[in-house]
>>> print(open('query_9.txt').read())   # compact mmCIF, C-alpha atoms
# COMPACT_ATOMS: atom_id res chain seq x y z
CA MET A 3 0.00 0.00 0.00
CA ALA A 4 1.09 3.50 -0.74
CA SER A 5 2.04 5.41 2.32
CA ASN A 6 2.03 8.85 0.73
CA PRO A 7 -1.48 10.31 1.28
CA MET A 8 -1.25 11.94 -2.15
CA ASP A 9 -0.61 8.67 -4.00
CA GLN A 10 -4.35 7.88 -4.05
CA PHE A 11 -4.84 10.79 -6.45
CA LYS A 12 -2.20 9.62 -8.94
CA VAL A 13 -3.40 9.38 -12.52
CA GLU A 14 -1.79 6.46 -14.28
CA PRO A 15 -2.34 5.41 -17.88
CA ILE A 16 -3.94 2.02 -18.45
CA PHE A 17 -3.35 2.19 -22.20
CA GLN A 18 -2.14 4.95 -24.44
CA GLY A 19 -4.51 6.63 -26.80
CA PRO A 20 -4.05 9.03 -29.66
CA LYS A 21 -4.03 12.78 -29.21
CA ILE A 22 -6.50 14.63 -31.42
CA GLY A 23 -5.95 18.36 -31.26
CA PRO A 24 -6.31 19.38 -27.62
CA PHE A 25 -7.89 16.03 -26.74
CA ASP A 26 -5.97 13.09 -25.34
CA LEU A 27 -7.64 9.69 -25.54
CA THR A 28 -5.10 8.06 -23.21
CA PHE A 29 -7.20 5.82 -20.96
CA THR A 30 -6.16 6.23 -17.34
CA ASN A 31 -7.47 5.01 -13.99
CA ALA A 32 -9.35 8.34 -13.84
CA SER A 33 -11.01 7.53 -17.19
CA LEU A 34 -11.84 4.02 -15.93
CA TRP A 35 -13.60 5.36 -12.84
CA MET A 36 -15.50 7.94 -14.90
CA VAL A 37 -16.74 5.08 -17.08
CA ILE A 38 -17.67 3.12 -13.95
CA THR A 39 -19.50 6.17 -12.53
CA VAL A 40 -21.51 6.68 -15.73
CA ALA A 41 -22.26 2.96 -15.98
CA ALA A 42 -23.44 2.94 -12.35
CA VAL A 43 -25.75 5.94 -12.87
CA ILE A 44 -27.20 4.44 -16.06
CA LEU A 45 -27.65 1.03 -14.40
CA PHE A 46 -29.31 2.60 -11.36
CA MET A 47 -31.66 4.78 -13.41
CA ALA A 48 -32.41 1.99 -15.91
CA MET A 49 -33.39 -0.31 -13.06
CA THR A 50 -35.72 2.33 -11.71
CA MET A 51 -37.60 3.08 -14.96
CA ARG A 52 -40.12 0.25 -14.91
CA GLY A 53 -43.03 2.56 -15.66
CA LYS A 54 -45.45 0.80 -13.38
CA LEU A 55 -48.50 2.71 -12.18
CA ILE A 56 -47.85 1.61 -8.62
CA PRO A 57 -44.08 1.90 -8.17
CA GLY A 58 -41.95 -0.62 -6.32
CA ARG A 59 -39.04 0.44 -4.14
CA LEU A 60 -36.50 0.81 -6.95
CA GLN A 61 -38.93 2.68 -9.18
CA SER A 62 -39.80 4.96 -6.26
CA MET A 63 -36.12 5.79 -5.84
CA GLY A 64 -35.84 6.75 -9.50
CA GLU A 65 -39.02 8.82 -9.39
CA LEU A 66 -38.00 10.52 -6.15
CA SER A 67 -34.65 11.42 -7.77
CA TYR A 68 -36.49 12.78 -10.79
CA GLU A 69 -38.88 14.87 -8.73
CA PHE A 70 -36.14 16.04 -6.38
CA ILE A 71 -34.12 17.54 -9.24
CA ALA A 72 -37.23 18.76 -11.09
CA ASP A 73 -38.51 20.58 -7.99
CA MET A 74 -35.07 22.04 -7.29
CA LEU A 75 -34.84 23.45 -10.82
CA LYS A 76 -38.43 24.71 -10.77
CA GLU A 77 -38.07 26.44 -7.41
CA THR A 78 -34.60 27.87 -8.00
CA THR A 79 -34.68 28.82 -11.66
CA GLY A 80 -38.33 28.74 -12.61
CA PRO A 81 -40.65 26.60 -14.73
CA GLU A 82 -39.27 28.05 -17.99
CA ALA A 83 -35.90 26.38 -17.30
CA VAL A 84 -37.38 22.91 -17.67
CA LYS A 85 -35.23 22.13 -20.74
CA TRP A 86 -32.16 22.28 -18.49
CA PHE A 87 -33.57 19.48 -16.36
CA PRO A 88 -31.55 16.67 -18.02
CA TYR A 89 -28.37 18.71 -17.63
CA VAL A 90 -28.88 19.44 -13.92
CA PHE A 91 -29.89 15.82 -13.40
CA THR A 92 -26.73 14.60 -15.14
CA ILE A 93 -24.54 17.03 -13.15
CA PHE A 94 -26.06 15.96 -9.84
CA PHE A 95 -25.91 12.23 -10.44
CA PHE A 96 -22.50 12.24 -12.08
CA ILE A 97 -20.99 14.09 -9.10
CA LEU A 98 -22.99 12.14 -6.50
CA PHE A 99 -22.00 8.76 -7.90
CA ALA A 100 -18.39 9.81 -8.49
CA ASN A 101 -18.16 10.98 -4.87
CA LEU A 102 -19.86 7.88 -3.43
CA ILE A 103 -17.91 5.43 -5.61
CA GLY A 104 -14.75 7.23 -4.51
CA MET A 105 -15.60 6.34 -0.91
CA ASN A 106 -14.91 2.66 -1.67
CA PRO A 107 -11.46 1.39 -0.71
CA TYR A 108 -9.08 1.25 -3.70
CA ALA A 109 -11.49 3.31 -5.79
CA PHE A 110 -10.32 6.47 -7.51
CA THR A 111 -12.28 9.65 -6.84
CA THR A 112 -12.57 11.42 -10.19
CA THR A 113 -14.10 14.50 -8.53
CA SER A 114 -11.01 14.99 -6.36
CA HIS A 115 -9.23 16.34 -9.46
CA ILE A 116 -9.34 20.02 -10.28
CA ALA A 117 -9.25 19.21 -14.00
CA VAL A 118 -12.57 17.37 -13.72
CA THR A 119 -14.30 19.80 -11.35
CA ALA A 120 -13.10 22.79 -13.37
CA ALA A 121 -14.38 21.21 -16.58
CA LEU A 122 -17.77 20.59 -14.97
CA ALA A 123 -17.85 24.19 -13.72
CA VAL A 124 -16.95 25.44 -17.20
CA PHE A 125 -19.77 23.35 -18.71
CA THR A 126 -22.22 25.14 -16.42
CA ILE A 127 -20.84 28.64 -16.96
CA LEU A 128 -20.54 28.18 -20.72
CA ALA A 129 -24.11 26.94 -20.76
CA VAL A 130 -25.23 30.07 -18.90
CA VAL A 131 -23.28 32.42 -21.20
CA ILE A 132 -24.27 30.74 -24.48
CA ALA A 133 -27.92 30.20 -23.56
CA GLY A 134 -28.10 33.69 -22.09
CA ILE A 135 -26.84 35.37 -25.26
CA TRP A 136 -28.89 33.00 -27.44
CA LYS A 137 -32.07 33.91 -25.62
CA ASN A 138 -31.54 37.60 -24.77
CA GLY A 139 -29.03 38.73 -27.40
CA LEU A 140 -26.67 41.45 -26.26
CA LYS A 141 -29.19 42.50 -23.62
CA TRP A 142 -27.88 39.55 -21.65
CA PHE A 143 -24.85 41.64 -20.65
CA LYS A 144 -27.22 43.73 -18.55
CA ILE A 145 -26.66 41.18 -15.79
CA PHE A 146 -23.38 43.01 -15.17
CA ALA A 147 -25.15 46.36 -14.81
CA PRO A 148 -27.98 46.13 -12.28
CA ALA A 149 -30.82 48.51 -13.09
CA GLY A 150 -31.80 51.44 -10.93
CA LEU A 151 -28.38 52.63 -9.77
CA PRO A 152 -27.06 56.17 -10.06
CA LEU A 153 -24.84 56.48 -13.16
CA ILE A 154 -21.77 57.26 -11.12
CA MET A 155 -21.95 53.82 -9.46
CA TYR A 156 -21.59 51.86 -12.70
CA PRO A 157 -17.79 52.20 -13.07
CA VAL A 158 -17.53 50.53 -9.66
CA ILE A 159 -20.40 48.04 -9.87
CA ILE A 160 -19.71 46.65 -13.34
CA PRO A 161 -16.17 45.42 -12.56
CA ILE A 162 -17.43 43.93 -9.28
CA GLU A 163 -20.24 42.13 -11.10
CA ILE A 164 -17.81 40.82 -13.71
CA ILE A 165 -15.41 39.58 -11.05
CA SER A 166 -18.24 37.91 -9.16
CA PHE A 167 -19.42 36.24 -12.39
CA VAL A 168 -15.95 35.03 -13.29
CA SER A 169 -15.34 33.71 -9.78
CA ARG A 170 -18.40 31.46 -10.06
CA PRO A 171 -16.70 28.68 -12.04
CA VAL A 172 -13.60 29.03 -9.88
CA THR A 173 -15.55 28.59 -6.65
CA LEU A 174 -17.64 25.78 -8.16
CA ALA A 175 -14.50 23.92 -9.20
CA VAL A 176 -12.42 24.56 -6.10
CA ARG A 177 -15.23 23.80 -3.63
CA LEU A 178 -15.83 20.31 -4.99
CA PHE A 179 -12.16 19.50 -5.61
CA ALA A 180 -11.05 20.76 -2.17
CA ASN A 181 -13.81 18.98 -0.29
CA MET A 182 -13.15 15.64 -1.93
CA THR A 183 -9.36 15.93 -1.74
CA ALA A 184 -9.32 17.07 1.89
CA GLY A 185 -11.63 14.30 2.99
CA HIS A 186 -9.64 11.60 1.29
CA VAL A 187 -6.30 12.98 2.53
CA MET A 188 -7.65 13.07 6.08
CA LEU A 189 -8.90 9.48 5.86
CA LYS A 190 -5.55 8.36 4.47
CA LEU A 191 -3.62 10.17 7.21
CA PHE A 192 -5.73 8.54 9.92
CA ALA A 193 -5.25 5.15 8.27
CA ILE A 194 -1.49 5.65 8.05
CA PHE A 195 -1.46 6.70 11.69
CA ILE A 196 -3.34 3.54 12.71
CA ALA A 197 -0.89 1.38 10.80
CA TYR A 198 2.01 3.24 12.40
CA LEU A 199 0.64 2.79 15.95
CA VAL A 200 -0.09 -0.91 15.45
CA GLY A 201 3.32 -1.46 13.92
CA LYS A 202 5.08 0.14 16.90
CA GLY A 203 3.98 -2.53 19.41
CA ALA A 204 1.21 -3.70 21.73
CA ALA A 205 0.91 -0.57 23.92
CA THR A 206 0.54 1.86 21.04
CA GLY A 207 -1.53 -0.75 19.19
CA VAL A 208 -4.21 -0.40 21.90
CA ALA A 209 -4.02 3.38 21.55
CA ALA A 210 -4.83 2.94 17.84
CA ILE A 211 -8.48 2.65 18.91
CA VAL A 212 -8.58 6.47 19.00
CA PRO A 213 -7.72 7.06 15.32
CA ILE A 214 -9.91 4.06 14.40
CA LEU A 215 -12.91 5.74 16.01
CA GLY A 216 -11.86 8.98 14.36
CA THR A 217 -11.73 7.26 10.98
CA ILE A 218 -15.24 5.87 11.45
CA GLY A 219 -16.50 9.36 12.23
CA ILE A 220 -14.74 10.85 9.22
CA VAL A 221 -16.10 8.14 6.92
CA ALA A 222 -19.62 9.05 8.03
CA LEU A 223 -18.86 12.72 7.54
CA GLU A 224 -17.39 12.07 4.10
CA PHE A 225 -20.57 10.28 2.98
CA LEU A 226 -22.46 13.39 4.03
CA VAL A 227 -19.99 15.62 2.20
CA ALA A 228 -20.23 13.41 -0.92
CA ALA A 229 -23.99 13.94 -1.13
CA LEU A 230 -23.88 17.55 0.02
CA GLN A 231 -21.28 18.65 -2.54
CA ALA A 232 -23.26 17.05 -5.38
CA PHE A 233 -26.32 18.94 -4.12
CA VAL A 234 -24.40 22.22 -3.79
CA PHE A 235 -23.01 21.93 -7.32
CA ALA A 236 -26.44 21.14 -8.76
CA ILE A 237 -28.30 23.88 -6.90
CA LEU A 238 -25.65 26.48 -7.78
CA THR A 239 -26.02 25.38 -11.41
CA CYS A 240 -29.73 26.14 -11.05
CA VAL A 241 -28.99 29.49 -9.41
CA TYR A 242 -26.60 30.48 -12.19
CA LEU A 243 -29.14 29.41 -14.84
CA ASN A 244 -31.32 32.16 -13.41
CA ASP A 245 -29.17 34.62 -15.34
CA VAL A 246 -30.44 33.12 -18.59
CA TYR A 247 -34.07 33.84 -17.74
CA HIS A 248 -34.11 36.78 -15.37
CA VAL A 249 -31.76 39.34 -16.88
CA ASP A 250 -33.77 42.30 -15.58
CA HIS A 251 -34.16 41.01 -12.06
CA HIS A 252 -30.48 40.83 -11.46
CA MET B 14 4.77 11.14 -26.52
CA ALA B 15 1.79 10.94 -24.16
CA GLU B 16 3.52 8.22 -22.21
CA GLU B 17 6.58 10.38 -21.74
CA LYS B 18 4.44 13.21 -20.44
CA LEU B 19 2.40 11.01 -18.11
CA SER B 20 5.45 9.33 -16.67
CA ALA B 21 6.99 12.73 -16.19
CA GLY B 22 3.84 13.62 -14.25
CA ASP B 23 4.26 10.56 -12.09
CA ALA B 24 7.75 11.68 -11.32
CA ALA B 25 6.46 15.10 -10.31
CA ALA B 26 3.84 13.53 -8.06
CA ALA B 27 6.37 11.19 -6.49
CA ALA B 28 8.54 14.19 -5.78
CA GLY B 29 5.82 15.45 -3.40
CA GLY B 30 3.58 17.61 -5.58
CA MET B 31 -0.14 17.06 -5.71
CA PRO B 32 -1.12 14.80 -8.63
CA GLN B 33 -4.09 17.17 -9.11
CA PHE B 34 -1.69 19.84 -10.36
CA ASP B 35 0.12 17.56 -12.79
CA PHE B 36 -1.05 19.35 -15.92
CA THR B 37 0.07 16.55 -18.23
CA THR B 38 -2.94 14.49 -17.14
CA PHE B 39 -5.47 17.29 -17.74
CA ALA B 40 -6.05 16.67 -21.43
CA SER B 41 -6.81 13.00 -20.87
CA GLN B 42 -9.05 13.66 -17.86
CA ILE B 43 -11.03 16.37 -19.61
CA THR B 44 -11.32 14.33 -22.82
CA TRP B 45 -12.70 11.35 -20.94
CA LEU B 46 -14.95 13.57 -18.82
CA ILE B 47 -16.48 15.02 -22.00
CA ILE B 48 -16.95 11.51 -23.43
CA THR B 49 -18.44 9.92 -20.30
CA PHE B 50 -20.47 12.95 -19.23
CA GLY B 51 -21.75 13.31 -22.79
CA ILE B 52 -22.81 9.67 -22.93
CA LEU B 53 -24.53 9.99 -19.54
CA TYR B 54 -26.32 13.17 -20.65
CA PHE B 55 -27.41 11.54 -23.90
CA VAL B 56 -28.71 8.35 -22.28
CA LEU B 57 -30.49 10.19 -19.46
CA SER B 58 -32.05 12.92 -21.60
CA THR B 59 -33.20 10.77 -24.52
CA MET B 60 -34.06 7.43 -22.93
CA ILE B 61 -34.37 7.34 -19.18
CA LEU B 62 -35.70 10.69 -18.00
CA PRO B 63 -38.55 11.00 -20.57
CA LYS B 64 -39.74 7.53 -19.59
CA ILE B 65 -39.74 8.36 -15.88
CA GLY B 66 -41.43 11.70 -16.61
CA ASN B 67 -44.14 9.89 -18.63
CA THR B 68 -44.71 7.41 -15.86
CA ILE B 69 -45.11 10.20 -13.31
CA SER B 70 -47.45 12.30 -15.48
CA ASN B 71 -49.51 9.20 -16.40
CA ARG B 72 -49.91 8.49 -12.74
CA HIS B 73 -50.92 12.08 -12.02
CA ASN B 74 -53.51 11.92 -14.83
CA ARG B 75 -54.78 8.58 -13.63
CA ILE B 76 -55.08 9.86 -10.06
CA ALA B 77 -56.90 12.99 -11.27
CA ASP B 78 -59.28 10.81 -13.35
CA ASP B 79 -59.89 8.51 -10.44
CA LEU B 80 -60.60 11.44 -8.17
CA ASP B 81 -63.08 12.80 -10.74
CA THR B 82 -64.81 9.43 -10.94
CA ALA B 83 -64.87 9.16 -7.18
CA SER B 84 -66.43 12.59 -6.74
CA ARG B 85 -69.00 11.87 -9.46
CA MET B 86 -69.91 8.60 -7.75
CA GLN B 87 -70.18 10.34 -4.43
CA ARG B 88 -72.53 12.90 -5.95
CA GLU B 89 -74.65 10.11 -7.39
CA ALA B 90 -74.71 8.36 -4.05
CA GLU B 91 -75.82 11.56 -2.36
CA GLU B 92 -78.60 12.03 -4.92
CA ALA B 93 -79.71 8.44 -4.39
CA GLU B 94 -79.74 9.01 -0.66
CA ILE B 95 -81.89 12.12 -1.06
CA ALA B 96 -84.34 10.21 -3.28
CA TYR B 97 -84.42 7.36 -0.80
CA GLU B 98 -85.14 9.72 2.05
CA ARG B 99 -87.91 11.36 0.09
CA VAL B 100 -89.51 7.98 -0.63
CA LEU B 101 -89.12 7.02 3.00
CA ALA B 102 -90.73 10.25 4.18
CA ASP B 103 -93.64 9.71 1.75
CA ALA B 104 -94.14 6.18 2.98
CA LYS B 105 -94.02 7.35 6.59
CA ALA B 106 -96.60 10.04 5.89
CA LYS B 107 -98.86 7.55 4.15
CA ALA B 108 -98.52 5.08 7.00
CA HIS B 109 -99.32 7.87 9.43
CA ASN B 110 -102.44 8.79 7.45
CA VAL B 111 -103.61 5.19 7.38
CA ALA B 112 -103.05 4.86 11.11
CA GLU B 113 -104.83 8.14 11.77
CA SER B 114 -107.87 7.27 9.66
CA THR B 115 -108.04 3.79 11.15
CA ARG B 116 -107.85 5.25 14.65
CA ALA B 117 -110.55 7.79 13.75
CA SER B 118 -112.90 5.17 12.36
CA ILE B 119 -112.31 2.92 15.37
CA ASN B 120 -112.95 5.84 17.72
CA GLU B 121 -116.15 6.65 15.88
CA GLU B 122 -117.32 3.08 16.14
CA ILE B 123 -116.44 2.98 19.84
CA GLU B 124 -118.34 6.19 20.41
CA ARG B 125 -121.31 4.88 18.48
CA GLU B 126 -121.33 1.68 20.52
CA ILE B 127 -120.94 3.65 23.75
CA ALA B 128 -123.80 5.93 22.74
CA ALA B 129 -126.00 2.94 21.91
CA ALA B 130 -125.11 1.30 25.20
CA ASP B 131 -125.77 4.58 27.03
CA ALA B 132 -129.17 4.92 25.35
CA GLU B 133 -130.10 1.36 26.19
CA ALA B 134 -128.91 1.87 29.76
CA ALA B 135 -130.93 5.10 29.99
CA ALA B 136 -134.05 3.34 28.69
CA GLN B 137 -133.53 0.52 31.11
CA ALA B 138 -133.02 3.06 33.91
CA LEU B 139 -136.28 4.84 33.00
CA LYS B 140 -138.17 1.55 32.96
CA SER B 141 -136.63 0.57 36.29
CA GLU B 142 -137.48 3.97 37.76
CA ALA B 143 -141.16 3.58 36.75
CA LYS B 144 -141.19 0.15 38.22
CA ILE B 145 -139.62 1.45 41.45
CA THR B 146 -142.22 4.25 41.61
CA ASP B 147 -145.01 1.71 41.22
CA ILE B 148 -143.54 -0.46 43.86
CA ARG B 149 -143.05 2.50 46.17
CA ARG B 150 -146.67 3.68 45.66
CA GLU B 151 -147.91 0.20 46.28
CA ALA B 152 -145.73 -0.08 49.35
CA LEU B 153 -146.94 3.29 50.63
CA SER B 154 -150.59 2.32 50.17
CA ASN B 155 -149.86 -0.96 51.92
CA ILE B 156 -148.21 1.03 54.75
CA ASP B 157 -151.53 2.96 55.20
CA ALA B 158 -153.47 -0.23 55.45
CA ILE B 159 -150.92 -1.77 57.83
CA ALA B 160 -150.94 1.40 59.93
CA LYS B 161 -154.73 1.34 60.08
CA ASP B 162 -154.67 -2.33 61.07
CA ALA B 163 -151.98 -1.68 63.65
CA ALA B 164 -153.87 1.36 64.98
CA SER B 165 -157.20 -0.52 65.19
CA ASP B 166 -155.38 -3.38 66.94
CA ILE B 167 -153.79 -0.97 69.44
CA VAL B 168 -157.11 0.77 70.05
CA LYS B 169 -158.83 -2.56 70.42
CA LYS B 170 -156.23 -3.53 73.02
CA PHE B 171 -156.84 -0.31 74.99
CA ILE B 172 -160.64 -0.03 74.77
CA GLY B 173 -161.53 -3.55 73.86
CA LYS B 174 -163.39 -2.53 70.84
CA ALA B 175 -162.07 -1.87 67.35
CA PRO B 176 -162.72 1.58 65.90
CA THR B 177 -164.60 1.85 62.70
CA ALA B 178 -162.93 2.61 59.48
CA ALA B 179 -164.41 6.13 59.43
CA GLN B 180 -163.05 6.83 62.90
CA LEU B 181 -159.64 5.51 61.93
CA ASN B 182 -159.56 7.60 58.82
CA LYS B 183 -160.57 10.64 60.80
CA ILE B 184 -157.83 10.10 63.39
CA LEU B 185 -155.08 9.13 60.99
CA GLY B 186 -155.96 11.86 58.52
CA GLY B 187 -156.07 9.12 55.94
>>> encode(input="query_9.txt", output="structure tokens")
Amino acid sequence: MASNPMDQFKVEPIFQGPKIGPFDLTFTNASLWMVITVAAVILFMAMTMRGKLIPGRLQSMGELSYEFIADMLKETTGPEAVKWFPYVFTIFFFILFANLIGMNPYAFTTTSHIAVTAALAVFTILAVVIAGIWKNGLKWFKIFAPAGLPLIMYPVIIPIEIISFVSRPVTLAVRLFANMTAGHVMLKLFAIFIAYLVGKGAATGVAAIVPILGTIGIVALEFLVAALQAFVFAILTCVYLNDVYHVDHH
Amino acid sequence: MAEEKLSAGDAAAAAGGMPQFDFTTFASQITWLIITFGILYFVLSTMILPKIGNTISNRHNRIADDLDTASRMQREAEEAEIAYERVLADAKAKAHNVAESTRASINEEIEREIAAADAEAAAQALKSEAKITDIRREALSNIDAIAKDAASDIVKKFIGKAPTAAQLNKILGG
């Protein structure tokens, strides 16, 4: 076992792939766990779509997931944003399953990598920008200039609004990456500490009960964080999609 | 080429840096994220989510239909109950009428009988009264005769000679 707490994040190629322009098809352990995540989500949702009038347990889970995301989008963004439902659903379940699968021993947590979280954040922000301009034309840029302010305020407000807009993908990406990385590093450190105490002899081996209990607590906390961060990412996606539909209310 | 870069990244990570900031792996990660995320989006948006949405809206429609049917049936039941109550009230009224008229006719008959019995009793009483008057008159006239006899006997005892009828009548004011 690796004893460096950062080794769990190492990306190693499984087989080399061609590079096409900026894209690199090299299949790594990160790619493998992304494929596993997507397969798990599809398997889970496919099992739940039985279409029965009176749902069983699995079908209820699928329908509850559907209504959970649908209600979140409706309440946060509004009923006109319904065409974004599959996107928000995909974001939520991709992140949720990636986080939860990453909690398994020996699994690789794809969402603990800034490249992945930043790409997901860029998907969301690009969607907001492109859909916003598509729908509102150049009027969309009014989101940077809130209405009803004295003219003299605009030179100050507009740069602040632009900075706050640009920091959205950064915070989205860093929040998820930092949460997942910190949790896994902490778990690894506790585990290394347990192994160290046990290896030192009987007396310290008994003392290892303390970090073992700590590890159990952190595992529980990390499951909470795994679900919570998926939720935060999804609901912030909904909040940012507001800017597509409510340019004047900004 | 890619292998060289990736192994260089491994070296950087082994040297103590965070593998997350090994930029040589970014292209591969992002490429595979786009592929896998795209597949997931495609499968969810075209196959799975519409089916689940249909199921849910079918159920909502079905529930709404069922509720409509239930409320219609309830209305019908209420109407039937009202009709039933009306029929019941009619029947009760009719039964009451029958009972009333029966009671009235019975009362009438009883009164008629009582009146007849009263009349008969009154006739009987009159007849009896006449009879009693006769008897009393007879008895009174007998009492006169007995008194005269008794008086003549008493006189006879005192004076040894019976008075004559004229004398008796004169004395007794008969």
>>> atom_distance(input="query_9.txt", atom1="CA of Gly66 (chain B)", atom2="CA of Thr79 (chain A)")
19.1 Å
>>> closest_residue(input="query_9.txt", among="B:Ile48, B:Ile95, B:Leu101, B:Ile65", to="chain A", atoms="all atoms listed in the file")
B:Ile65
>>> residues_near_point(input="query_9.txt", point="(-32.1, 35.8, -19.9)", cutoff="6 Å", atoms="all atoms listed in the file", output="MDAnalysis selection string")
chainID A and resid 134 138 142 245:249
>>> closest_residue(input="query_9.txt", among="A:Val168, A:Ala180, A:Met155, A:Ala210", to="chain B", atoms="all atoms listed in the file")
A:Ala180
>>> interface_residues(input="query_9.txt", of="chain A", to="chain B", cutoff="6 Å", atoms="only C-alpha atoms", output="PyMOL selection string")
chain A and resi 11-12+25-28+33+40+51+53+55+88+92+115+117
>>> write_last_selection(input="query_9.txt", atoms="C-alpha atoms", output="PDB file, keeping the file's coordinate frame")
ATOM      1  CA  PHE A  11      -4.840  10.790  -6.450  1.00  0.00           C
ATOM      2  CA  LYS A  12      -2.200   9.620  -8.940  1.00  0.00           C
ATOM      3  CA  PHE A  25      -7.890  16.030 -26.740  1.00  0.00           C
ATOM      4  CA  ASP A  26      -5.970  13.090 -25.340  1.00  0.00           C
ATOM      5  CA  LEU A  27      -7.640   9.690 -25.540  1.00  0.00           C
ATOM      6  CA  THR A  28      -5.100   8.060 -23.210  1.00  0.00           C
ATOM      7  CA  SER A  33     -11.010   7.530 -17.190  1.00  0.00           C
ATOM      8  CA  VAL A  40     -21.510   6.680 -15.730  1.00  0.00           C
ATOM      9  CA  MET A  51     -37.600   3.080 -14.960  1.00  0.00           C
ATOM     10  CA  GLY A  53     -43.030   2.560 -15.660  1.00  0.00           C
ATOM     11  CA  LEU A  55     -48.500   2.710 -12.180  1.00  0.00           C
ATOM     12  CA  PRO A  88     -31.550  16.670 -18.020  1.00  0.00           C
ATOM     13  CA  THR A  92     -26.730  14.600 -15.140  1.00  0.00           C
ATOM     14  CA  HIS A 115      -9.230  16.340  -9.460  1.00  0.00           C
ATOM     15  CA  ALA A 117      -9.250  19.210 -14.000  1.00  0.00           C
TER      16      ALA A 117
END
>>> axis_aligned_box(input="query_9.txt", around="region 143-148 of chain B", padding_each_side="6 Å", output="AutoDock Vina command-line options")
--center_x -142.3 --center_y 1.9 --center_z 40.3 --size_x 17.4 --size_y 16.7 --size_z 19.1
>>> atom_distance(input="query_9.txt", atom1="CA of Ile123 (chain B)", atom2="CA of Ser141 (chain B)")
26.2 Å
>>> atom_distance(input="query_9.txt", atom1="CA of Ala143 (chain B)", atom2="CA of Glu126 (chain B)")
25.7 Å
>>> residues_around(input="query_9.txt", residues="Ile145 (chain A)", least_positions_apart="5", cutoff="12 Å", atoms="all atoms listed in the file", output="list of chain:residue names")
A:Val130, A:Val131, A:Gly134, A:Ile135, A:Asn138, A:Leu140, A:Ile159, A:Ile160, A:Pro161, A:Ile162, A:Glu163, A:Ile164, A:Ser166, A:Phe167, A:Tyr242, A:Asn244, A:Asp245, A:Val246, A:Tyr247, A:His248, A:Val249, A:Asp250, A:His251, A:His252
>>> write_last_selection(input="query_9.txt", atoms="C-alpha atoms", output="short mmCIF file (atom, residue, chain, number, x, y, z; two decimals), in the coordinates of the input")
data_model
loop_
_atom_site.label_atom_id
_atom_site.label_comp_id
_atom_site.auth_asym_id
_atom_site.auth_seq_id
_atom_site.Cartn_x
_atom_site.Cartn_y
_atom_site.Cartn_z
CA VAL A 130 -25.23 30.07 -18.90
CA VAL A 131 -23.28 32.42 -21.20
CA GLY A 134 -28.10 33.69 -22.09
CA ILE A 135 -26.84 35.37 -25.26
CA ASN A 138 -31.54 37.60 -24.77
CA LEU A 140 -26.67 41.45 -26.26
CA ILE A 159 -20.40 48.04 -9.87
CA ILE A 160 -19.71 46.65 -13.34
CA PRO A 161 -16.17 45.42 -12.56
CA ILE A 162 -17.43 43.93 -9.28
CA GLU A 163 -20.24 42.13 -11.10
CA ILE A 164 -17.81 40.82 -13.71
CA SER A 166 -18.24 37.91 -9.16
CA PHE A 167 -19.42 36.24 -12.39
CA TYR A 242 -26.60 30.48 -12.19
CA ASN A 244 -31.32 32.16 -13.41
CA ASP A 245 -29.17 34.62 -15.34
CA VAL A 246 -30.44 33.12 -18.59
CA TYR A 247 -34.07 33.84 -17.74
CA HIS A 248 -34.11 36.78 -15.37
CA VAL A 249 -31.76 39.34 -16.88
CA ASP A 250 -33.77 42.30 -15.58
CA HIS A 251 -34.16 41.01 -12.06
CA HIS A 252 -30.48 40.83 -11.46
#
>>> closest_residue(input="query_9.txt", among="A:Cys240, A:Phe110, A:Phe225, A:Lys202", to="Glu77 (chain A)", atoms="all atoms listed in the file")
A:Cys240
>>> residues_around(input="query_9.txt", residues="region 147-163 of chain B", least_positions_apart="4", cutoff="12 Å", atoms="all atoms listed in the file", output="mmCIF file with C-alpha atoms, in the frame of the given file")
data_model
loop_
_atom_site.group_PDB
_atom_site.id
_atom_site.type_symbol
_atom_site.label_atom_id
_atom_site.label_comp_id
_atom_site.auth_asym_id
_atom_site.auth_seq_id
_atom_site.Cartn_x
_atom_site.Cartn_y
_atom_site.Cartn_z
ATOM 1 C CA LYS B 140 -138.170 1.550 32.960
ATOM 2 C CA SER B 141 -136.630 0.570 36.290
ATOM 3 C CA GLU B 142 -137.480 3.970 37.760
ATOM 4 C CA ALA B 143 -141.160 3.580 36.750
ATOM 5 C CA ILE B 167 -153.790 -0.970 69.440
ATOM 6 C CA VAL B 168 -157.110 0.770 70.050
ATOM 7 C CA LYS B 169 -158.830 -2.560 70.420
ATOM 8 C CA LYS B 170 -156.230 -3.530 73.020
ATOM 9 C CA ALA B 175 -162.070 -1.870 67.350
ATOM 10 C CA PRO B 176 -162.720 1.580 65.900
ATOM 11 C CA THR B 177 -164.600 1.850 62.700
ATOM 12 C CA ALA B 178 -162.930 2.610 59.480
ATOM 13 C CA ALA B 179 -164.410 6.130 59.430
ATOM 14 C CA GLN B 180 -163.050 6.830 62.900
ATOM 15 C CA LEU B 181 -159.640 5.510 61.930
ATOM 16 C CA ASN B 182 -159.560 7.600 58.820
ATOM 17 C CA LYS B 183 -160.570 10.640 60.800
ATOM 18 C CA ILE B 184 -157.830 10.100 63.390
ATOM 19 C CA LEU B 185 -155.080 9.130 60.990
ATOM 20 C CA GLY B 186 -155.960 11.860 58.520
ATOM 21 C CA GLY B 187 -156.070 9.120 55.940
#
>>> residues_near_point(input="query_9.txt", point="(-34.4, 13.9, -5.7)", cutoff="12 Å", atoms="only C-alpha atoms", output="ChimeraX atom specification")
/A:62-75,90-91,94-95,98,229,232-233,236-237
